[in-house]
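Listing of entry_20.cif, mmCIF, C-alpha atoms and all ligand atoms
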```cif
data_run
#
loop_
_atom_site.label_atom_id
_atom_site.label_comp_id
_atom_site.auth_asym_id
_atom_site.auth_seq_id
_atom_site.Cartn_x
_atom_site.Cartn_y
_atom_site.Cartn_z
CA MET A 423 28.27 97.15 65.71
CA PRO A 424 24.50 97.10 66.35
CA ALA A 425 22.47 96.33 63.23
CA GLN A 426 20.52 99.55 63.67
CA ALA A 427 23.68 101.63 63.40
CA SER A 428 24.65 99.97 60.12
CA ILE A 429 21.46 101.03 58.33
CA SER A 430 22.44 103.51 55.65
CA ARG A 431 20.58 106.70 54.88
CA ARG A 432 19.71 105.26 51.49
CA GLN A 433 18.27 102.13 53.11
CA LEU A 434 16.22 104.23 55.50
CA LEU A 435 14.75 106.18 52.63
CA LYS A 436 14.20 103.27 50.27
CA GLY A 437 13.50 100.42 52.73
CA SER A 438 14.83 96.90 52.34
CA PRO A 439 13.93 94.51 49.54
CA ARG A 440 11.70 91.61 50.51
CA PRO A 441 14.11 88.81 51.52
CA ALA A 442 14.01 85.31 50.07
CA ASP A 443 11.69 82.93 51.90
CA PHE A 444 13.27 81.65 55.09
CA ARG A 445 11.72 79.28 57.63
CA PRO A 446 12.21 80.42 61.21
CA ARG A 447 12.41 77.69 63.86
CA PRO A 448 11.29 77.62 67.50
CA PRO A 449 13.78 78.72 70.16
CA GLY A 450 16.72 76.40 70.71
CA VAL A 451 16.42 74.63 67.35
CA THR A 452 19.44 74.80 65.07
CA VAL A 453 19.95 73.62 61.50
CA ALA A 454 21.92 70.67 62.86
CA SER A 455 19.45 69.69 65.59
CA LEU A 456 16.50 70.00 63.21
CA GLY A 457 17.77 66.78 61.60
CA GLU A 458 16.67 64.98 64.78
CA CYS A 459 13.05 66.09 64.39
CA THR A 460 10.76 63.15 63.61
CA ARG A 461 7.81 65.43 62.77
CA CYS A 462 5.76 63.77 65.53
CA GLY A 463 3.87 67.03 66.15
CA ASP A 464 4.02 66.89 69.96
CA CYS A 465 5.44 70.41 70.25
CA VAL A 466 2.91 71.73 67.74
CA SER A 467 0.02 70.49 69.87
CA ALA A 468 1.63 71.65 73.11
CA CYS A 469 2.55 75.22 72.15
CA PRO A 470 0.11 77.43 74.11
CA GLU A 471 0.46 80.21 71.55
CA GLY A 472 -0.27 78.01 68.54
CA VAL A 473 2.75 79.32 66.68
CA LEU A 474 4.31 76.02 65.60
CA GLY A 475 3.75 73.93 62.50
CA LEU A 476 5.43 71.14 60.55
CA ALA A 477 7.40 71.60 57.33
CA ASP A 478 8.89 68.83 55.21
CA ASP A 479 12.15 69.00 57.16
CA GLY A 480 10.71 69.43 60.65
CA VAL A 481 9.21 71.88 63.11
CA VAL A 482 8.77 75.48 62.00
CA LEU A 483 7.80 78.71 63.76
CA LEU A 484 4.78 80.50 62.26
CA PRO A 485 5.07 84.13 63.39
CA ASP A 486 2.07 85.18 61.32
CA ARG A 487 0.00 83.34 63.97
CA GLY A 488 1.36 85.22 66.95
CA GLU A 489 4.17 85.66 69.43
CA CYS A 490 6.49 83.04 70.89
CA THR A 491 6.70 83.76 74.61
CA PHE A 492 9.77 81.55 75.15
CA CYS A 493 7.75 79.46 77.60
CA GLY A 494 9.85 76.39 76.80
CA THR A 495 6.91 74.00 76.50
CA CYS A 496 7.99 72.82 73.05
CA ALA A 497 11.41 71.85 74.40
CA GLU A 498 9.87 70.13 77.41
CA VAL A 499 7.55 67.88 75.44
CA CYS A 500 10.04 66.95 72.71
CA GLU A 501 11.47 63.47 73.21
CA GLU A 502 14.26 63.89 70.64
CA PRO A 503 17.47 65.97 70.91
CA VAL A 504 16.00 68.81 68.83
CA PHE A 505 15.97 71.65 71.38
CA ALA A 506 19.09 73.11 72.97
CA THR A 507 18.92 74.18 76.61
CA ASP A 508 19.64 77.74 75.45
CA LEU A 509 16.27 78.81 74.07
CA ARG A 510 17.47 81.48 71.66
CA MET A 511 16.16 82.00 68.17
CA SER A 512 18.46 81.45 65.18
CA HIS A 513 16.67 84.17 63.24
CA THR A 514 15.82 87.82 63.44
CA PHE A 515 13.49 89.99 61.35
CA VAL A 516 13.72 92.73 58.73
CA ILE A 517 11.17 95.31 57.61
CA SER A 518 10.90 95.32 53.83
CA ASN A 519 9.94 98.23 51.63
CA ASP A 520 6.40 96.82 51.51
CA CYS A 521 5.95 98.82 54.75
CA PHE A 522 3.04 101.25 54.35
CA VAL A 523 5.24 104.08 55.57
CA GLN A 524 7.26 103.75 52.36
CA ALA A 525 4.05 104.71 50.54
CA GLY A 526 3.52 107.70 52.82
CA ILE A 527 0.91 106.05 55.08
CA THR A 528 1.39 106.56 58.81
CA CYS A 529 1.63 103.27 60.73
CA MET A 530 3.29 102.23 63.98
CA SER A 531 1.68 98.81 64.51
CA CYS A 532 4.97 96.91 64.65
CA ARG A 533 6.53 99.36 67.09
CA ASP A 534 3.50 99.12 69.36
CA ALA A 535 3.53 95.29 69.26
CA CYS A 536 7.18 94.73 70.13
CA PRO A 537 7.68 93.67 73.77
CA GLU A 538 11.40 94.46 73.57
CA GLU A 539 11.09 98.00 72.21
CA ALA A 540 13.33 96.83 69.37
CA ILE A 541 11.47 98.90 66.77
CA SER A 542 11.81 102.66 66.86
CA MET A 543 10.21 105.29 64.65
CA GLN A 544 12.75 107.42 62.81
CA PRO A 545 11.70 110.99 61.97
CA ARG A 546 12.26 112.15 58.41
CA ILE A 547 11.48 115.16 56.30
CA GLY A 548 8.49 114.96 53.97
CA GLY A 549 6.89 111.74 55.21
CA PRO A 550 5.67 109.77 58.22
CA PHE A 551 8.14 108.32 60.71
CA LEU A 552 9.90 105.18 59.47
CA PRO A 553 10.11 102.01 61.58
CA VAL A 554 13.67 100.83 62.23
CA LEU A 555 14.18 97.33 63.64
CA ASN A 556 17.23 96.96 65.89
CA GLN A 557 18.31 93.37 65.31
CA SER A 558 20.62 93.38 68.30
CA ALA A 559 17.59 93.96 70.56
CA CYS A 560 15.24 91.64 68.65
CA THR A 561 14.61 88.24 70.28
CA GLY A 562 12.91 86.80 67.20
CA CYS A 563 9.60 86.40 69.06
CA GLY A 564 7.57 87.38 66.00
CA ALA A 565 5.07 89.58 67.86
CA CYS A 566 5.46 92.33 65.25
CA VAL A 567 4.64 90.13 62.26
CA ALA A 568 0.87 89.53 62.54
CA PRO A 569 -0.05 93.15 63.42
CA CYS A 570 1.70 94.50 60.31
CA PRO A 571 -1.07 95.37 57.82
CA ALA A 572 1.41 95.34 54.93
CA ASP A 573 2.95 91.89 55.54
CA ALA A 574 6.25 93.72 55.49
CA ILE A 575 8.14 91.95 58.29
CA HIS A 576 10.12 88.84 57.38
CA ALA A 577 12.38 86.38 59.16
CA VAL A 578 16.03 86.14 58.14
CA ARG A 579 18.85 84.01 59.46
CA LYS A 580 20.88 85.69 62.17
CA GLU A 581 24.30 86.85 61.02
CA PRO A 582 26.84 85.59 61.61
CA ALA A 583 24.99 82.31 61.19
CA ASP A 584 25.27 80.44 64.46
CA ALA A 585 22.88 77.68 63.60
S1 LIG B 601 8.67 78.45 73.51
FE1 LIG B 601 6.46 78.24 74.04
S2 LIG B 601 5.43 79.82 72.78
FE2 LIG B 601 7.50 79.54 71.92
S3 LIG B 601 7.24 78.02 70.26
FE3 LIG B 601 7.83 76.89 72.15
S4 LIG B 601 5.87 76.26 73.09
FE4 LIG B 601 5.41 77.90 71.59
S1 LIG B 602 10.46 89.76 66.48
FE1 LIG B 602 11.94 91.27 67.30
S2 LIG B 602 11.22 93.26 66.53
FE2 LIG B 602 9.51 91.81 66.30
S3 LIG B 602 8.29 92.01 68.19
FE3 LIG B 602 9.78 90.35 68.59
S4 LIG B 602 11.56 91.35 69.53
FE4 LIG B 602 10.31 92.97 68.57
S1 LIG B 603 3.41 97.57 61.01
FE1 LIG B 603 4.12 97.14 58.93
S2 LIG B 603 3.26 98.80 57.68
FE2 LIG B 603 3.15 99.45 59.82
S3 LIG B 603 5.04 100.62 60.20
FE3 LIG B 603 5.46 98.51 60.81
S4 LIG B 603 6.35 97.53 58.98
FE4 LIG B 603 5.33 99.43 58.32
#
```

Give the structure from this file in structure tokens form.
Amino acid sequence: MPAQASISRRQLLKGSPRPADFRPRPPGVTVASLGECTRCGDCVSACPEGVLGLADDGVVLLPDRGECTFCGTCAEVCEEPVFATDLRMSHTFVISNDCFVQAGITCMSCRDACPEEAISMQPRIGGPFLPVLNQSACTGCGACVAPCPADAIHAVRKEPADA
């Protein structure tokens, strides 16, 4: 069942709680393959979007800096078996109840930023349209994160966990 369809009426009205901190990774990097990362920084320097950084346990995606375009440069420059050939993200995103719309302020910045049209605005009575993120359409690119003025969009591990 698509994630969008499983959102309850209560969740739509109340929003989602802010999830626990979770580190998203670049496309093709799994929990298992991350163990091969030597933290050399080659992919960080090579990423044309500047959206990679280094955490204690290896490479990390920094969606607050911009959008991953799935160009594959990080995988090309990496000399270790960190990147799978299938450049999919192991994460998706949720919109927490920090969203300005929950406070009655009209905003559509995330919807406008999404290249996949994975965020739709849901009409409701008595308030501005609510953004609903369809996780089955979300690629994990992170383009919606930086434009959000409320810092309301957070990465979460994809379920069922495949990495
Ligand atoms: S796929 Fe391209 S844009 Fe995305 S993290 Fe890798 S180098 Fe950066
Ligand atoms: S992370 Fe998902 S919802 Fe956000 S812009 Fe990318 S595809 Fe759209
Ligand atoms: S950009 Fe942020 S504040 Fe604006 S509608 Fe989207 S989640 Fe809400």

Show me which residues are within 10 Å of ligand LIG 601 (chain B) counting only C-alpha atoms and all ligand atoms, and format the list as a VMD selection string.
chain A and resid 447 to 450 465 to 475 481 to 485 488 to 499 505 509 to 511 563 to 564

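The space between atom S2 of ligand LIG 602 (chain B) and atom CA of A:Val567 spans 8.4 Å.
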
Counting only C-alpha atoms and all ligand atoms, name the residues that have an atom within 10 Å of an atom of ligand LIG 603 (chain B); the answer should be given as a PyMOL selection string.
chain A and resi 437+516-525+527-535+541-543+550-555+566-576

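Residue nearest A:Asp486 within the list A:Ala559, A:Val578, A:Ala454, A:Ala565: A:Ala565 [criterion: smallest interatomic distance, all atoms listed in the file].
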
Return the single residue from A:Thr514, A:Asp478, A:Gln544, A:Gly549 that is closest to ligand LIG 602 (chain B), with distances computed using all atoms listed in the file.
A:Thr514

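When all atoms listed in the file are used to compute distances to ligand LIG 602 (chain B), the closest of the residues A:Thr507, A:Ser558, A:Thr452, A:Arg546 turns out to be A:Ser558.
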
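The coordinates place atom CA of A:Cys560 at 17.1 Å from atom CA of A:Ser438.
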
Between A:Ala540, A:Cys459, A:Ala577, A:Ala477, which residue has the minimum interatomic distance to A:Glu502, considering only C-alpha atoms?
A:Cys459

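Atom pair atom CA of A:Cys500 / atom CA of A:Glu581: separated by 27.1 Å.
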
Counting only C-alpha atoms, which of A:Arg487, A:Val504, A:Gly526, A:Phe444 gets nearest to A:Cys462?
A:Val504

Selected residue of minimal separation from ligand LIG 602 (chain B) among A:Glu458, A:Pro446, A:Val451, A:Glu501, counting only C-alpha atoms and all ligand atoms:
A:Pro446

Let me have the centre and edge lengths in Å, one decimal, of the box along x, y and z around every listed atom of stretch 529-534 of chain A with 8 Å of margin on each side, as AutoDock Vina command-line options.
```
--center_x 4.1 --center_y 100.1 --center_z 65.0 --size_x 20.9 --size_y 22.4 --size_z 24.6
```

Once N, CA and C atoms are restored for stretch 490-523 of chain A, what would the output be as a PDB file, in the coordinates of the input?
```
ATOM      1  N   CYS A 490       5.872  84.052  70.029  1.00  0.00           N
ATOM      2  CA  CYS A 490       6.490  83.040  70.890  1.00  0.00           C
ATOM      3  C   CYS A 490       6.877  83.736  72.189  1.00  0.00           C
ATOM      4  N   THR A 491       6.425  83.160  73.301  1.00  0.00           N
ATOM      5  CA  THR A 491       6.700  83.760  74.610  1.00  0.00           C
ATOM      6  C   THR A 491       7.908  83.124  75.295  1.00  0.00           C
ATOM      7  N   PHE A 492       8.590  82.240  74.593  1.00  0.00           N
ATOM      8  CA  PHE A 492       9.770  81.550  75.150  1.00  0.00           C
ATOM      9  C   PHE A 492       9.395  80.765  76.411  1.00  0.00           C
ATOM     10  N   CYS A 493       8.201  80.195  76.422  1.00  0.00           N
ATOM     11  CA  CYS A 493       7.750  79.460  77.600  1.00  0.00           C
ATOM     12  C   CYS A 493       8.508  78.155  77.792  1.00  0.00           C
ATOM     13  N   GLY A 494       9.064  77.612  76.701  1.00  0.00           N
ATOM     14  CA  GLY A 494       9.850  76.390  76.800  1.00  0.00           C
ATOM     15  C   GLY A 494       9.051  75.107  76.723  1.00  0.00           C
ATOM     16  N   THR A 495       7.738  75.204  76.540  1.00  0.00           N
ATOM     17  CA  THR A 495       6.910  74.000  76.500  1.00  0.00           C
ATOM     18  C   THR A 495       7.300  73.078  75.342  1.00  0.00           C
ATOM     19  N   CYS A 496       7.615  73.639  74.209  1.00  0.00           N
ATOM     20  CA  CYS A 496       7.990  72.820  73.050  1.00  0.00           C
ATOM     21  C   CYS A 496       9.217  71.971  73.370  1.00  0.00           C
ATOM     22  N   ALA A 497      10.197  72.588  74.032  1.00  0.00           N
ATOM     23  CA  ALA A 497      11.410  71.850  74.400  1.00  0.00           C
ATOM     24  C   ALA A 497      11.118  70.786  75.439  1.00  0.00           C
ATOM     25  N   GLU A 498      10.189  71.084  76.342  1.00  0.00           N
ATOM     26  CA  GLU A 498       9.870  70.130  77.410  1.00  0.00           C
ATOM     27  C   GLU A 498       9.195  68.874  76.875  1.00  0.00           C
ATOM     28  N   VAL A 499       8.308  69.045  75.907  1.00  0.00           N
ATOM     29  CA  VAL A 499       7.550  67.880  75.440  1.00  0.00           C
ATOM     30  C   VAL A 499       8.303  67.066  74.382  1.00  0.00           C
ATOM     31  N   CYS A 500       9.319  67.650  73.785  1.00  0.00           N
ATOM     32  CA  CYS A 500      10.040  66.950  72.710  1.00  0.00           C
ATOM     33  C   CYS A 500      10.890  65.822  73.281  1.00  0.00           C
ATOM     34  N   GLU A 501      10.732  64.632  72.706  1.00  0.00           N
ATOM     35  CA  GLU A 501      11.470  63.470  73.210  1.00  0.00           C
ATOM     36  C   GLU A 501      12.759  63.219  72.434  1.00  0.00           C
ATOM     37  N   GLU A 502      13.037  64.048  71.435  1.00  0.00           N
ATOM     38  CA  GLU A 502      14.260  63.890  70.640  1.00  0.00           C
ATOM     39  C   GLU A 502      15.219  65.042  70.961  1.00  0.00           C
ATOM     40  N   PRO A 503      16.495  64.909  70.614  1.00  0.00           N
ATOM     41  CA  PRO A 503      17.470  65.970  70.910  1.00  0.00           C
ATOM     42  C   PRO A 503      17.401  67.124  69.904  1.00  0.00           C
ATOM     43  N   VAL A 504      16.224  67.729  69.810  1.00  0.00           N
ATOM     44  CA  VAL A 504      16.000  68.810  68.830  1.00  0.00           C
ATOM     45  C   VAL A 504      16.239  70.189  69.442  1.00  0.00           C
ATOM     46  N   PHE A 505      15.907  70.329  70.729  1.00  0.00           N
ATOM     47  CA  PHE A 505      15.970  71.650  71.380  1.00  0.00           C
ATOM     48  C   PHE A 505      17.208  71.761  72.266  1.00  0.00           C
ATOM     49  N   ALA A 506      17.954  72.832  72.084  1.00  0.00           N
ATOM     50  CA  ALA A 506      19.090  73.110  72.970  1.00  0.00           C
ATOM     51  C   ALA A 506      18.553  73.670  74.283  1.00  0.00           C
ATOM     52  N   THR A 507      19.362  73.622  75.319  1.00  0.00           N
ATOM     53  CA  THR A 507      18.920  74.180  76.610  1.00  0.00           C
ATOM     54  C   THR A 507      18.842  75.703  76.534  1.00  0.00           C
ATOM     55  N   ASP A 508      19.647  76.289  75.650  1.00  0.00           N
ATOM     56  CA  ASP A 508      19.640  77.740  75.450  1.00  0.00           C
ATOM     57  C   ASP A 508      18.539  78.069  74.437  1.00  0.00           C
ATOM     58  N   LEU A 509      17.417  78.580  74.934  1.00  0.00           N
ATOM     59  CA  LEU A 509      16.270  78.810  74.070  1.00  0.00           C
ATOM     60  C   LEU A 509      16.345  80.143  73.338  1.00  0.00           C
ATOM     61  N   ARG A 510      17.362  80.280  72.498  1.00  0.00           N
ATOM     62  CA  ARG A 510      17.470  81.480  71.660  1.00  0.00           C
ATOM     63  C   ARG A 510      17.018  81.166  70.250  1.00  0.00           C
ATOM     64  N   MET A 511      16.545  82.173  69.562  1.00  0.00           N
ATOM     65  CA  MET A 511      16.160  82.000  68.170  1.00  0.00           C
ATOM     66  C   MET A 511      17.390  82.116  67.265  1.00  0.00           C
ATOM     67  N   SER A 512      17.370  81.374  66.159  1.00  0.00           N
ATOM     68  CA  SER A 512      18.460  81.450  65.180  1.00  0.00           C
ATOM     69  C   SER A 512      18.156  82.469  64.081  1.00  0.00           C
ATOM     70  N   HIS A 513      17.078  83.202  64.268  1.00  0.00           N
ATOM     71  CA  HIS A 513      16.670  84.170  63.240  1.00  0.00           C
ATOM     72  C   HIS A 513      16.411  85.539  63.882  1.00  0.00           C
ATOM     73  N   THR A 514      16.308  86.512  63.024  1.00  0.00           N
ATOM     74  CA  THR A 514      15.820  87.820  63.440  1.00  0.00           C
ATOM     75  C   THR A 514      14.842  88.279  62.338  1.00  0.00           C
ATOM     76  N   PHE A 515      14.468  89.530  62.345  1.00  0.00           N
ATOM     77  CA  PHE A 515      13.490  89.990  61.350  1.00  0.00           C
ATOM     78  C   PHE A 515      13.980  91.258  60.655  1.00  0.00           C
ATOM     79  N   VAL A 516      13.476  91.475  59.449  1.00  0.00           N
ATOM     80  CA  VAL A 516      13.720  92.730  58.730  1.00  0.00           C
ATOM     81  C   VAL A 516      12.381  93.312  58.292  1.00  0.00           C
ATOM     82  N   ILE A 517      12.369  94.624  58.127  1.00  0.00           N
ATOM     83  CA  ILE A 517      11.170  95.310  57.610  1.00  0.00           C
ATOM     84  C   ILE A 517      11.448  95.652  56.149  1.00  0.00           C
ATOM     85  N   SER A 518      10.654  95.106  55.256  1.00  0.00           N
ATOM     86  CA  SER A 518      10.900  95.320  53.830  1.00  0.00           C
ATOM     87  C   SER A 518      10.244  96.628  53.370  1.00  0.00           C
ATOM     88  N   ASN A 519      10.523  96.983  52.140  1.00  0.00           N
ATOM     89  CA  ASN A 519       9.940  98.230  51.630  1.00  0.00           C
ATOM     90  C   ASN A 519       8.475  98.076  51.229  1.00  0.00           C
ATOM     91  N   ASP A 520       7.861  96.932  51.615  1.00  0.00           N
ATOM     92  CA  ASP A 520       6.400  96.820  51.510  1.00  0.00           C
ATOM     93  C   ASP A 520       5.711  97.609  52.618  1.00  0.00           C
ATOM     94  N   CYS A 521       6.497  98.035  53.624  1.00  0.00           N
ATOM     95  CA  CYS A 521       5.950  98.820  54.750  1.00  0.00           C
ATOM     96  C   CYS A 521       5.121 100.000  54.222  1.00  0.00           C
ATOM     97  N   PHE A 522       3.933 100.185  54.790  1.00  0.00           N
ATOM     98  CA  PHE A 522       3.040 101.250  54.350  1.00  0.00           C
ATOM     99  C   PHE A 522       3.690 102.625  54.434  1.00  0.00           C
ATOM    100  N   VAL A 523       4.591 102.782  55.405  1.00  0.00           N
ATOM    101  CA  VAL A 523       5.240 104.080  55.570  1.00  0.00           C
ATOM    102  C   VAL A 523       6.019 104.467  54.306  1.00  0.00           C
TER     103      VAL A 523
END
```
